[in-house]
file model09.pdb (PDB, C-alpha atoms and all ligand atoms)
ATOM      1  CA  MET Z 788       4.561 -15.581  14.646  1.00  0.00           C
ATOM      2  CA  ILE Z 789       4.652 -12.845  12.023  1.00  0.00           C
ATOM      3  CA  THR Z 790       7.868 -10.964  11.358  1.00  0.00           C
ATOM      4  CA  VAL Z 791       8.236  -7.792   9.319  1.00  0.00           C
ATOM      5  CA  ARG Z 792      11.321  -7.064   7.229  1.00  0.00           C
ATOM      6  CA  LEU Z 793      12.362  -4.710   4.455  1.00  0.00           C
ATOM      7  CA  ALA Z 794      11.292  -5.674   0.930  1.00  0.00           C
ATOM      8  CA  TYR Z 795      13.948  -6.718  -1.585  1.00  0.00           C
ATOM      9  CA  ARG Z 796      14.088  -6.947  -5.356  1.00  0.00           C
ATOM     10  CA  SER Z 797      13.096 -10.619  -5.027  1.00  0.00           C
ATOM     11  CA  ASP Z 798       9.767  -9.528  -3.479  1.00  0.00           C
ATOM     12  CA  ALA Z 799       8.605  -7.889  -6.738  1.00  0.00           C
ATOM     13  CA  THR Z 800       6.128 -10.661  -7.581  1.00  0.00           C
ATOM     14  CA  PHE Z 801       4.603 -10.710  -4.092  1.00  0.00           C
ATOM     15  CA  ILE Z 802       4.303  -6.920  -4.055  1.00  0.00           C
ATOM     16  CA  ALA Z 803       2.465  -7.081  -7.388  1.00  0.00           C
ATOM     17  CA  ASP Z 804       0.215  -9.771  -5.851  1.00  0.00           C
ATOM     18  CA  MET Z 805      -0.610  -7.374  -2.999  1.00  0.00           C
ATOM     19  CA  LEU Z 806      -1.378  -4.612  -5.503  1.00  0.00           C
ATOM     20  CA  VAL Z 807      -3.883  -7.003  -7.090  1.00  0.00           C
ATOM     21  CA  GLU Z 808      -5.421  -7.532  -3.610  1.00  0.00           C
ATOM     22  CA  ALA Z 809      -5.621  -3.773  -3.081  1.00  0.00           C
ATOM     23  CA  ILE Z 810      -7.340  -3.215  -6.436  1.00  0.00           C
ATOM     24  CA  ASN Z 811      -9.756  -6.059  -5.623  1.00  0.00           C
ATOM     25  CA  TRP Z 812     -10.469  -4.810  -2.084  1.00  0.00           C
ATOM     26  CA  ASN Z 813     -14.236  -4.779  -2.667  1.00  0.00           C
ATOM     27  CA  LEU Z 814     -15.304  -8.393  -2.262  1.00  0.00           C
ATOM     28  CA  GLU Z 815     -18.737  -7.580  -3.694  1.00  0.00           C
ATOM     29  CA  ALA Z 816     -17.308  -6.258  -6.977  1.00  0.00           C
ATOM     30  CA  PRO Z 817     -16.256  -8.510  -9.876  1.00  0.00           C
ATOM     31  CA  VAL Z 818     -12.706  -9.785  -9.416  1.00  0.00           C
ATOM     32  CA  GLN Z 819     -10.122  -8.270 -11.745  1.00  0.00           C
ATOM     33  CA  GLU Z 820      -7.590 -10.914 -12.767  1.00  0.00           C
ATOM     34  CA  ARG Z 821      -3.931 -10.233 -12.079  1.00  0.00           C
ATOM     35  CA  ALA Z 822      -3.140  -9.744 -15.767  1.00  0.00           C
ATOM     36  CA  THR Z 823      -5.996  -7.272 -16.149  1.00  0.00           C
ATOM     37  CA  VAL Z 824      -4.878  -5.276 -13.114  1.00  0.00           C
ATOM     38  CA  LEU Z 825      -1.278  -5.165 -14.292  1.00  0.00           C
ATOM     39  CA  ASN Z 826      -2.231  -4.309 -17.875  1.00  0.00           C
ATOM     40  CA  HIS Z 827      -3.421  -0.903 -16.735  1.00  0.00           C
ATOM     41  CA  HIS Z 828      -0.670   1.648 -16.422  1.00  0.00           C
ATOM     42  CA  GLU Z 829      -2.508   3.475 -13.595  1.00  0.00           C
ATOM     43  CA  ASN Z 830      -2.170   0.279 -11.536  1.00  0.00           C
ATOM     44  CA  ARG Z 831       1.105  -1.068 -12.860  1.00  0.00           C
ATOM     45  CA  HIS Z 832       3.058   2.097 -12.110  1.00  0.00           C
ATOM     46  CA  TYR Z 833       2.707   1.326  -8.390  1.00  0.00           C
ATOM     47  CA  VAL Z 834       4.935  -1.728  -8.828  1.00  0.00           C
ATOM     48  CA  ASP Z 835       6.743  -1.424 -12.183  1.00  0.00           C
ATOM     49  CA  SER Z 836      10.442  -2.282 -12.068  1.00  0.00           C
ATOM     50  CA  TRP Z 837      10.422  -2.777  -8.300  1.00  0.00           C
ATOM     51  CA  PRO Z 838      12.460  -1.348  -6.674  1.00  0.00           C
ATOM     52  CA  GLN Z 839      12.846   2.016  -8.350  1.00  0.00           C
ATOM     53  CA  PRO Z 840      15.012   4.690  -6.696  1.00  0.00           C
ATOM     54  CA  GLY Z 841      13.260   5.925  -3.544  1.00  0.00           C
ATOM     55  CA  ASP Z 842      11.014   2.878  -3.213  1.00  0.00           C
ATOM     56  CA  VAL Z 843      10.707   1.519   0.323  1.00  0.00           C
ATOM     57  CA  GLY Z 844       8.716  -1.564   1.213  1.00  0.00           C
ATOM     58  CA  VAL Z 845       8.078  -3.881   4.129  1.00  0.00           C
ATOM     59  CA  ILE Z 846       6.973  -7.504   4.026  1.00  0.00           C
ATOM     60  CA  ALA Z 847       5.117  -9.392   6.750  1.00  0.00           C
ATOM     61  CA  GLU Z 848       5.885 -13.083   6.721  1.00  0.00           C
ATOM     62  CA  SER Z 849       5.167 -16.249   8.586  1.00  0.00           C
ATOM     63  CA  PRO Z 850       8.007 -18.770   8.971  1.00  0.00           C
ATOM     64  CA  GLN Z 851       5.515 -21.512   8.038  1.00  0.00           C
ATOM     65  CA  THR Z 852       3.840 -20.025   4.983  1.00  0.00           C
ATOM     66  CA  GLY Z 853       6.027 -17.156   3.750  1.00  0.00           C
ATOM     67  CA  PRO Z 854       4.881 -13.636   2.892  1.00  0.00           C
ATOM     68  CA  VAL Z 855       1.385 -12.646   4.067  1.00  0.00           C
ATOM     69  CA  GLY Z 856       1.356  -8.910   3.441  1.00  0.00           C
ATOM     70  CA  ALA Z 857       3.234  -5.933   2.064  1.00  0.00           C
ATOM     71  CA  ALA Z 858       3.190  -2.160   2.335  1.00  0.00           C
ATOM     72  CA  TRP Z 859       5.321   0.073   0.197  1.00  0.00           C
ATOM     73  CA  LEU Z 860       6.038   3.642  -0.854  1.00  0.00           C
ATOM     74  CA  ARG Z 861       6.505   4.988  -4.339  1.00  0.00           C
ATOM     75  CA  PHE Z 862       7.158   8.529  -5.572  1.00  0.00           C
ATOM     76  CA  PHE Z 863       5.199   9.789  -8.572  1.00  0.00           C
ATOM     77  CA  ARG Z 864       5.780  12.656 -10.970  1.00  0.00           C
ATOM     78  CA  ALA Z 865       3.170  15.356 -11.524  1.00  0.00           C
ATOM     79  CA  GLU Z 866       2.874  14.306 -15.180  1.00  0.00           C
ATOM     80  CA  ASP Z 867       2.168  10.683 -14.214  1.00  0.00           C
ATOM     81  CA  PRO Z 868       0.500  10.845 -10.787  1.00  0.00           C
ATOM     82  CA  GLY Z 869      -0.830   8.034  -8.631  1.00  0.00           C
ATOM     83  CA  TYR Z 870      -4.441   8.049  -7.437  1.00  0.00           C
ATOM     84  CA  GLY Z 871      -3.404   9.712  -4.153  1.00  0.00           C
ATOM     85  CA  PHE Z 872      -0.932  12.206  -5.590  1.00  0.00           C
ATOM     86  CA  ILE Z 873      -0.366  15.306  -3.446  1.00  0.00           C
ATOM     87  CA  ALA Z 874       3.012  16.573  -4.678  1.00  0.00           C
ATOM     88  CA  GLU Z 875       6.301  15.340  -6.026  1.00  0.00           C
ATOM     89  CA  GLY Z 876       8.402  14.391  -3.013  1.00  0.00           C
ATOM     90  CA  ILE Z 877       5.424  12.950  -1.118  1.00  0.00           C
ATOM     91  CA  PRO Z 878       5.307   9.196  -1.718  1.00  0.00           C
ATOM     92  CA  GLU Z 879       2.135   7.135  -1.902  1.00  0.00           C
ATOM     93  CA  VAL Z 880       1.457   4.198   0.392  1.00  0.00           C
ATOM     94  CA  SER Z 881       0.057   0.931  -0.980  1.00  0.00           C
ATOM     95  CA  ILE Z 882      -0.865  -2.029   1.213  1.00  0.00           C
ATOM     96  CA  GLY Z 883      -2.301  -5.516   0.954  1.00  0.00           C
ATOM     97  CA  VAL Z 884      -2.615  -8.525   3.247  1.00  0.00           C
ATOM     98  CA  ILE Z 885      -3.608 -11.953   1.923  1.00  0.00           C
ATOM     99  CA  ALA Z 886      -7.335 -12.541   2.454  1.00  0.00           C
ATOM    100  CA  SER Z 887      -6.902 -15.438   4.913  1.00  0.00           C
ATOM    101  CA  ARG Z 888      -4.823 -13.298   7.321  1.00  0.00           C
ATOM    102  CA  ARG Z 889      -6.813 -10.062   7.473  1.00  0.00           C
ATOM    103  CA  GLY Z 890      -8.097  -8.606  10.732  1.00  0.00           C
ATOM    104  CA  GLU Z 891      -5.139  -9.883  12.817  1.00  0.00           C
ATOM    105  CA  GLY Z 892      -3.275  -6.588  13.114  1.00  0.00           C
ATOM    106  CA  ILE Z 893      -0.826  -7.307  10.289  1.00  0.00           C
ATOM    107  CA  GLY Z 894      -1.887  -4.271   8.264  1.00  0.00           C
ATOM    108  CA  ASP Z 895      -1.431  -1.991  11.258  1.00  0.00           C
ATOM    109  CA  ARG Z 896       2.018  -3.430  11.882  1.00  0.00           C
ATOM    110  CA  LEU Z 897       3.029  -3.016   8.231  1.00  0.00           C
ATOM    111  CA  LEU Z 898       1.967   0.636   8.272  1.00  0.00           C
ATOM    112  CA  ARG Z 899       3.815   1.232  11.543  1.00  0.00           C
ATOM    113  CA  GLU Z 900       7.041  -0.273  10.156  1.00  0.00           C
ATOM    114  CA  LEU Z 901       6.694   1.574   6.851  1.00  0.00           C
ATOM    115  CA  GLU Z 902       6.202   4.878   8.670  1.00  0.00           C
ATOM    116  CA  HIS Z 903       9.310   4.117  10.752  1.00  0.00           C
ATOM    117  CA  GLU Z 904      11.352   3.440   7.603  1.00  0.00           C
ATOM    118  CA  ALA Z 905      10.007   6.638   6.031  1.00  0.00           C
ATOM    119  CA  ARG Z 906      11.049   8.699   9.067  1.00  0.00           C
ATOM    120  CA  GLN Z 907      14.499   7.111   9.012  1.00  0.00           C
ATOM    121  CA  ARG Z 908      14.837   8.339   5.427  1.00  0.00           C
ATOM    122  CA  GLY Z 909      13.906  11.889   6.381  1.00  0.00           C
ATOM    123  CA  LEU Z 910      10.418  11.852   4.895  1.00  0.00           C
ATOM    124  CA  SER Z 911       7.829  14.001   6.650  1.00  0.00           C
ATOM    125  CA  VAL Z 912       4.594  13.305   4.725  1.00  0.00           C
ATOM    126  CA  LEU Z 913       2.952  10.206   3.222  1.00  0.00           C
ATOM    127  CA  ALA Z 914      -0.117  10.094   0.960  1.00  0.00           C
ATOM    128  CA  LEU Z 915      -2.580   7.443  -0.106  1.00  0.00           C
ATOM    129  CA  SER Z 916      -5.833   6.963  -1.939  1.00  0.00           C
ATOM    130  CA  VAL Z 917      -8.766   5.023  -0.517  1.00  0.00           C
ATOM    131  CA  GLU Z 918     -12.323   4.537  -1.617  1.00  0.00           C
ATOM    132  CA  PRO Z 919     -14.850   5.878   0.902  1.00  0.00           C
ATOM    133  CA  ASN Z 920     -16.472   2.495   1.585  1.00  0.00           C
ATOM    134  CA  ASN Z 921     -13.216   0.527   1.959  1.00  0.00           C
ATOM    135  CA  PRO Z 922     -12.916  -0.647   5.614  1.00  0.00           C
ATOM    136  CA  ALA Z 923      -9.181   0.093   5.296  1.00  0.00           C
ATOM    137  CA  LEU Z 924     -10.182   3.739   5.750  1.00  0.00           C
ATOM    138  CA  ARG Z 925     -10.719   3.119   9.490  1.00  0.00           C
ATOM    139  CA  LEU Z 926      -7.265   1.607   9.775  1.00  0.00           C
ATOM    140  CA  TYR Z 927      -5.740   4.691   8.146  1.00  0.00           C
ATOM    141  CA  GLU Z 928      -7.694   7.056  10.384  1.00  0.00           C
ATOM    142  CA  ARG Z 929      -6.573   5.148  13.466  1.00  0.00           C
ATOM    143  CA  ARG Z 930      -2.972   5.618  12.340  1.00  0.00           C
ATOM    144  CA  GLY Z 931      -3.493   9.367  12.004  1.00  0.00           C
ATOM    145  CA  TYR Z 932      -4.093   9.754   8.265  1.00  0.00           C
ATOM    146  CA  ARG Z 933      -6.455  12.613   7.424  1.00  0.00           C
ATOM    147  CA  GLN Z 934      -8.458  13.349   4.305  1.00  0.00           C
ATOM    148  CA  VAL Z 935      -7.048  16.241   2.309  1.00  0.00           C
ATOM    149  CA  GLY Z 936      -8.858  15.857  -0.991  1.00  0.00           C
ATOM    150  CA  GLY Z 937     -10.171  13.401  -3.476  1.00  0.00           C
ATOM    151  CA  SER Z 938     -10.208  12.319  -7.072  1.00  0.00           C
ATOM    152  CA  GLY Z 939     -12.493  10.094  -9.117  1.00  0.00           C
ATOM    153  CA  GLY Z 940     -14.655   9.096  -6.147  1.00  0.00           C
ATOM    154  CA  SER Z 941     -11.664   8.215  -3.942  1.00  0.00           C
ATOM    155  CA  TYR Z 942     -10.324  10.106  -0.958  1.00  0.00           C
ATOM    156  CA  THR Z 943      -6.751  11.333  -0.770  1.00  0.00           C
ATOM    157  CA  PHE Z 944      -5.319  10.901   2.719  1.00  0.00           C
ATOM    158  CA  ARG Z 945      -2.184  12.407   4.204  1.00  0.00           C
ATOM    159  CA  LEU Z 946      -0.064  11.467   7.197  1.00  0.00           C
ATOM    160  CA  ASP Z 947       2.365  13.938   8.741  1.00  0.00           C
ATOM    161  CA  LEU Z 948       5.114  11.827  10.212  1.00  0.00           C
TER     162      LEU Z 948
HETATM  163  C1  LIG Z1001      -6.570  -3.102   4.380  1.00  0.00           C
HETATM  164  C2  LIG Z1001      -5.700  -4.259   4.843  1.00  0.00           C
HETATM  165  C3  LIG Z1001      -4.297  -4.116   4.294  1.00  0.00           C
HETATM  166  C4  LIG Z1001      -5.628  -4.186   6.365  1.00  0.00           C
HETATM  167  O1  LIG Z1001      -4.825  -5.233   6.823  1.00  0.00           O
HETATM  168  P1  LIG Z1001      -5.311  -6.107   8.057  1.00  0.00           P
HETATM  169  O2  LIG Z1001      -4.162  -6.958   8.465  1.00  0.00           O
HETATM  170  O3  LIG Z1001      -6.579  -6.746   7.725  1.00  0.00           O
HETATM  171  O4  LIG Z1001      -5.556  -4.918   9.119  1.00  0.00           O
HETATM  172  P2  LIG Z1001      -5.528  -4.962  10.691  1.00  0.00           P
HETATM  173  O5  LIG Z1001      -5.894  -6.322  11.187  1.00  0.00           O
HETATM  174  O6  LIG Z1001      -4.263  -4.371  11.182  1.00  0.00           O
HETATM  175  O7  LIG Z1001      -6.634  -3.921  11.021  1.00  0.00           O
HETATM  176  C5  LIG Z1001      -7.987  -4.261  10.813  1.00  0.00           C
HETATM  177  C6  LIG Z1001      -8.599  -3.144  10.055  1.00  0.00           C
HETATM  178  O8  LIG Z1001      -8.327  -3.306   8.691  1.00  0.00           O
HETATM  179  C7  LIG Z1001      -9.456  -2.940   7.950  1.00  0.00           C
HETATM  180  N1  LIG Z1001      -9.881  -4.059   7.120  1.00  0.00           N
HETATM  181  C8  LIG Z1001     -10.046  -3.940   5.811  1.00  0.00           C
HETATM  182  N2  LIG Z1001     -10.444  -5.099   5.287  1.00  0.00           N
HETATM  183  C9  LIG Z1001     -10.544  -5.986   6.281  1.00  0.00           C
HETATM  184  C10 LIG Z1001     -10.904  -7.357   6.362  1.00  0.00           C
HETATM  185  N3  LIG Z1001     -11.260  -8.071   5.294  1.00  0.00           N
HETATM  186  N4  LIG Z1001     -10.889  -7.952   7.558  1.00  0.00           N
HETATM  187  C11 LIG Z1001     -10.544  -7.241   8.646  1.00  0.00           C
HETATM  188  N5  LIG Z1001     -10.180  -5.955   8.635  1.00  0.00           N
HETATM  189  C12 LIG Z1001     -10.181  -5.327   7.462  1.00  0.00           C
HETATM  190  C13 LIG Z1001     -10.482  -2.466   8.928  1.00  0.00           C
HETATM  191  O9  LIG Z1001     -10.279  -1.060   9.058  1.00  0.00           O
HETATM  192  C14 LIG Z1001     -10.100  -3.115  10.178  1.00  0.00           C
HETATM  193  O10 LIG Z1001     -10.436  -2.302  11.230  1.00  0.00           O
HETATM  194  P3  LIG Z1001     -11.874  -2.382  11.920  1.00  0.00           P
HETATM  195  O11 LIG Z1001     -11.814  -3.594  12.732  1.00  0.00           O
HETATM  196  O12 LIG Z1001     -11.976  -1.124  12.671  1.00  0.00           O
HETATM  197  O13 LIG Z1001     -12.880  -2.461  10.823  1.00  0.00           O
HETATM  198  C15 LIG Z1001      -6.270  -5.641   4.426  1.00  0.00           C
HETATM  199  O14 LIG Z1001      -7.528  -5.807   5.004  1.00  0.00           O
HETATM  200  C16 LIG Z1001      -6.367  -5.805   2.922  1.00  0.00           C
HETATM  201  O15 LIG Z1001      -5.426  -6.257   2.276  1.00  0.00           O
HETATM  202  N6  LIG Z1001      -7.520  -5.434   2.320  1.00  0.00           N
HETATM  203  C17 LIG Z1001      -7.697  -5.525   0.892  1.00  0.00           C
HETATM  204  C18 LIG Z1001      -6.744  -4.604   0.151  1.00  0.00           C
HETATM  205  C19 LIG Z1001      -6.970  -3.148   0.495  1.00  0.00           C
HETATM  206  O16 LIG Z1001      -8.060  -2.699   0.773  1.00  0.00           O
HETATM  207  N7  LIG Z1001      -5.873  -2.382   0.454  1.00  0.00           N
HETATM  208  C20 LIG Z1001      -5.911  -0.958   0.705  1.00  0.00           C
HETATM  209  C21 LIG Z1001      -6.428  -0.219  -0.492  1.00  0.00           C
HETATM  210  S1  LIG Z1001      -6.569   1.510  -0.132  1.00  0.00           S
END

call {"tool": "encode", "arguments": {"input": "model09.pdb", "output": "structure tokens"}}
result
Amino acid sequence: MITVRLAYRSDATFIADMLVEAINWNLEAPVQERATVLNHHENRHYVDSWPQPGDVGVIAESPQTGPVGAAWLRFFRAEDPGYGFIAEGIPEVSIGVIASRRGEGIGDRLLRELEHEARQRGLSVLALSVEPNNPALRLYERRGYRQVGGSGGSYTFRLDL
């Protein structure tokens, strides 16, 4: 059975692992090693110093094997935007599930719980960036995210909570 809980400071390493999964979503592209992913500021600023003020995350875990997935929110400044930046005050969603547990509904559940936590905190809009050929796009559309723009070949999606 998979349970979902809030992410703590002690989840920083696992959240960074899930960022590496998200960057390496395309299984046909060369794998970027963890150190390479985290060496790039544009990637690292999704997880740097977790948790920063305003960060919210959820972790899916199995009692047998531990964490299997994470989804989290981070706010960016206009002068240092994330890939899916819409505006200051609209956080970006990141998500990853370990490869061996994909396609079981864990990603959907993580997004659902993250959206719930966002609503509880009074947030009304979430943003994210997804590449057009990433199958995750269908998951986002099913959850109500809509394309509102794009940058560098990626789509920017928005969810009104
Ligand atoms: C995207 C991701 C978090 C979804 O989690 P999940 O637990 O596999 O998702 P669910 O089981 O709830 O939903 C399945 C949907 O996820 C998407 N998906 C993406 N990669 C998948 C994979 N390898 N296997 C199965 N589904 C996948 C599809 O949209 C699928 O829906 P479909 O059946 O209509 O194609 C997960 O597949 C993952 O970590 N992928 C690599 C990292 C990534 O792409 N992160 C997002 C970057 S924008």

call {"tool": "resolve_selection", "arguments": {"input": "model09.pdb", "expression": "the PyMOL selection byres (((not hetatm)) within 10 of (chain Z and resi 1001))", "output": "PyMOL selection string"}}
result
chain Z and resi 805-814+847+855-858+871+880-899+915-929+941-944

call {"tool": "resolve_selection", "arguments": {"input": "model09.pdb", "expression": "the PyMOL selection byres (((chain Z and resi 833-843) around 6) and not hetatm)", "output": "JSON, numbers by chain"}}
result
{"Z": [796, 799, 830, 831, 832, 844, 859, 860, 861]}

call {"tool": "atom_distance", "arguments": {"input": "model09.pdb", "atom1": "atom CA of Glu820 of chain Z", "atom2": "atom CA of Ile802 of chain Z"}}
result
15.3 Å

call {"tool": "closest_residue", "arguments": {"input": "model09.pdb", "among": "Z:Ala865, Z:Ile789, Z:Ala822, Z:Arg906", "to": "Ser849 of chain Z", "atoms": "all atoms listed in the file"}}
result
Z:Ile789

call {"tool": "closest_residue", "arguments": {"input": "model09.pdb", "among": "Z:Phe862, Z:Gly869, Z:His903, Z:Ile877", "to": "Leu793 of chain Z", "atoms": "all atoms listed in the file"}}
result
Z:His903

call {"tool": "atom_distance", "arguments": {"input": "model09.pdb", "atom1": "atom CA of Gly931 of chain Z", "atom2": "atom CA of Leu946 of chain Z"}}
result
6.3 Å

call {"tool": "atom_distance", "arguments": {"input": "model09.pdb", "atom1": "atom CA of Glu848 of chain Z", "atom2": "atom CA of Thr790 of chain Z"}}
result
5.5 Å

call {"tool": "residues_around", "arguments": {"input": "model09.pdb", "residues": "Glu900 of chain Z", "least_positions_apart": "4", "cutoff": "8 Å", "atoms": "only C-alpha atoms", "output": "PyMOL selection string"}}
result
chain Z and resi 791+845+896+904

call {"tool": "closest_residue", "arguments": {"input": "model09.pdb", "among": "Z:Gln851, Z:Asn826, Z:Gln934, Z:Ser911", "to": "Gly876 of chain Z", "atoms": "only C-alpha atoms"}}
result
Z:Ser911

call {"tool": "decode", "arguments": {"input": "model09.pdb", "residues": "segment 864-891 of chain Z", "atoms": "N, CA and C atoms", "output": "PDB file, in the first residue's frame"}}
result
ATOM      1  N   ARG Z 864      11.460  33.910  -8.400  1.00  0.00           N
ATOM      2  CA  ARG Z 864      11.447  35.352  -8.613  1.00  0.00           C
ATOM      3  C   ARG Z 864      11.575  35.629 -10.108  1.00  0.00           C
ATOM      4  N   ALA Z 865      11.045  36.778 -10.522  1.00  0.00           N
ATOM      5  CA  ALA Z 865      11.088  37.123 -11.951  1.00  0.00           C
ATOM      6  C   ALA Z 865      12.526  37.180 -12.466  1.00  0.00           C
ATOM      7  N   GLU Z 866      13.472  37.569 -11.594  1.00  0.00           N
ATOM      8  CA  GLU Z 866      14.862  37.677 -12.052  1.00  0.00           C
ATOM      9  C   GLU Z 866      15.580  36.320 -12.078  1.00  0.00           C
ATOM     10  N   ASP Z 867      14.954  35.297 -11.553  1.00  0.00           N
ATOM     11  CA  ASP Z 867      15.549  33.955 -11.561  1.00  0.00           C
ATOM     12  C   ASP Z 867      14.415  32.933 -11.738  1.00  0.00           C
ATOM     13  N   PRO Z 868      13.763  32.963 -12.896  1.00  0.00           N
ATOM     14  CA  PRO Z 868      12.540  32.154 -13.060  1.00  0.00           C
ATOM     15  C   PRO Z 868      12.821  30.676 -13.293  1.00  0.00           C
ATOM     16  N   GLY Z 869      11.836  29.847 -12.983  1.00  0.00           N
ATOM     17  CA  GLY Z 869      11.873  28.442 -13.366  1.00  0.00           C
ATOM     18  C   GLY Z 869      11.433  28.328 -14.821  1.00  0.00           C
ATOM     19  N   TYR Z 870      11.501  27.097 -15.342  1.00  0.00           N
ATOM     20  CA  TYR Z 870      11.135  26.877 -16.753  1.00  0.00           C
ATOM     21  C   TYR Z 870       9.654  27.204 -17.007  1.00  0.00           C
ATOM     22  N   GLY Z 871       8.819  27.018 -15.968  1.00  0.00           N
ATOM     23  CA  GLY Z 871       7.374  27.226 -16.154  1.00  0.00           C
ATOM     24  C   GLY Z 871       6.881  28.487 -15.484  1.00  0.00           C
ATOM     25  N   PHE Z 872       7.763  29.478 -15.367  1.00  0.00           N
ATOM     26  CA  PHE Z 872       7.408  30.703 -14.636  1.00  0.00           C
ATOM     27  C   PHE Z 872       6.247  31.434 -15.301  1.00  0.00           C
ATOM     28  N   ILE Z 873       5.240  31.778 -14.496  1.00  0.00           N
ATOM     29  CA  ILE Z 873       4.133  32.623 -14.975  1.00  0.00           C
ATOM     30  C   ILE Z 873       4.207  33.986 -14.287  1.00  0.00           C
ATOM     31  N   ALA Z 874       4.322  33.978 -12.965  1.00  0.00           N
ATOM     32  CA  ALA Z 874       4.400  35.232 -12.208  1.00  0.00           C
ATOM     33  C   ALA Z 874       4.888  34.917 -10.805  1.00  0.00           C
ATOM     34  N   GLU Z 875       5.462  35.894 -10.165  1.00  0.00           N
ATOM     35  CA  GLU Z 875       5.812  35.722  -8.755  1.00  0.00           C
ATOM     36  C   GLU Z 875       4.496  35.476  -7.999  1.00  0.00           C
ATOM     37  N   GLY Z 876       4.505  34.573  -7.070  1.00  0.00           N
ATOM     38  CA  GLY Z 876       3.269  34.263  -6.346  1.00  0.00           C
ATOM     39  C   GLY Z 876       2.557  33.046  -6.907  1.00  0.00           C
ATOM     40  N   ILE Z 877       2.984  32.587  -8.091  1.00  0.00           N
ATOM     41  CA  ILE Z 877       2.435  31.344  -8.653  1.00  0.00           C
ATOM     42  C   ILE Z 877       3.557  30.302  -8.613  1.00  0.00           C
ATOM     43  N   PRO Z 878       3.443  29.308  -7.740  1.00  0.00           N
ATOM     44  CA  PRO Z 878       4.538  28.347  -7.623  1.00  0.00           C
ATOM     45  C   PRO Z 878       4.549  27.339  -8.763  1.00  0.00           C
ATOM     46  N   GLU Z 879       5.712  26.751  -8.975  1.00  0.00           N
ATOM     47  CA  GLU Z 879       5.861  25.716 -10.005  1.00  0.00           C
ATOM     48  C   GLU Z 879       5.828  24.324  -9.381  1.00  0.00           C
ATOM     49  N   VAL Z 880       5.145  23.434 -10.049  1.00  0.00           N
ATOM     50  CA  VAL Z 880       5.060  22.031  -9.647  1.00  0.00           C
ATOM     51  C   VAL Z 880       6.195  21.247 -10.283  1.00  0.00           C
ATOM     52  N   SER Z 881       6.858  20.404  -9.485  1.00  0.00           N
ATOM     53  CA  SER Z 881       7.785  19.395 -10.018  1.00  0.00           C
ATOM     54  C   SER Z 881       7.313  18.041  -9.512  1.00  0.00           C
ATOM     55  N   ILE Z 882       7.565  16.998 -10.303  1.00  0.00           N
ATOM     56  CA  ILE Z 882       7.107  15.660  -9.889  1.00  0.00           C
ATOM     57  C   ILE Z 882       8.005  14.585 -10.473  1.00  0.00           C
ATOM     58  N   GLY Z 883       8.206  13.538  -9.696  1.00  0.00           N
ATOM     59  CA  GLY Z 883       8.918  12.355 -10.182  1.00  0.00           C
ATOM     60  C   GLY Z 883       8.485  11.135  -9.390  1.00  0.00           C
ATOM     61  N   VAL Z 884       8.402  10.012 -10.086  1.00  0.00           N
ATOM     62  CA  VAL Z 884       8.113   8.718  -9.456  1.00  0.00           C
ATOM     63  C   VAL Z 884       9.223   7.779  -9.902  1.00  0.00           C
ATOM     64  N   ILE Z 885       9.721   6.946  -9.008  1.00  0.00           N
ATOM     65  CA  ILE Z 885      10.821   6.044  -9.389  1.00  0.00           C
ATOM     66  C   ILE Z 885      10.358   5.166 -10.565  1.00  0.00           C
ATOM     67  N   ALA Z 886      11.300   4.844 -11.449  1.00  0.00           N
ATOM     68  CA  ALA Z 886      10.943   4.209 -12.725  1.00  0.00           C
ATOM     69  C   ALA Z 886      10.154   2.912 -12.525  1.00  0.00           C
ATOM     70  N   SER Z 887      10.499   2.137 -11.501  1.00  0.00           N
ATOM     71  CA  SER Z 887       9.868   0.818 -11.319  1.00  0.00           C
ATOM     72  C   SER Z 887       8.421   0.919 -10.824  1.00  0.00           C
ATOM     73  N   ARG Z 888       7.970   2.129 -10.445  1.00  0.00           N
ATOM     74  CA  ARG Z 888       6.603   2.254  -9.912  1.00  0.00           C
ATOM     75  C   ARG Z 888       5.725   3.190 -10.746  1.00  0.00           C
ATOM     76  N   ARG Z 889       6.124   3.476 -11.961  1.00  0.00           N
ATOM     77  CA  ARG Z 889       5.324   4.371 -12.800  1.00  0.00           C
ATOM     78  C   ARG Z 889       4.103   3.652 -13.373  1.00  0.00           C
ATOM     79  N   GLY Z 890       3.085   4.433 -13.714  1.00  0.00           N
ATOM     80  CA  GLY Z 890       1.896   3.863 -14.342  1.00  0.00           C
ATOM     81  C   GLY Z 890       0.956   3.172 -13.377  1.00  0.00           C
ATOM     82  N   GLU Z 891       1.124   3.397 -12.060  1.00  0.00           N
ATOM     83  CA  GLU Z 891       0.248   2.769 -11.054  1.00  0.00           C
ATOM     84  C   GLU Z 891      -0.709   3.770 -10.427  1.00  0.00           C
TER      85      GLU Z 891
END
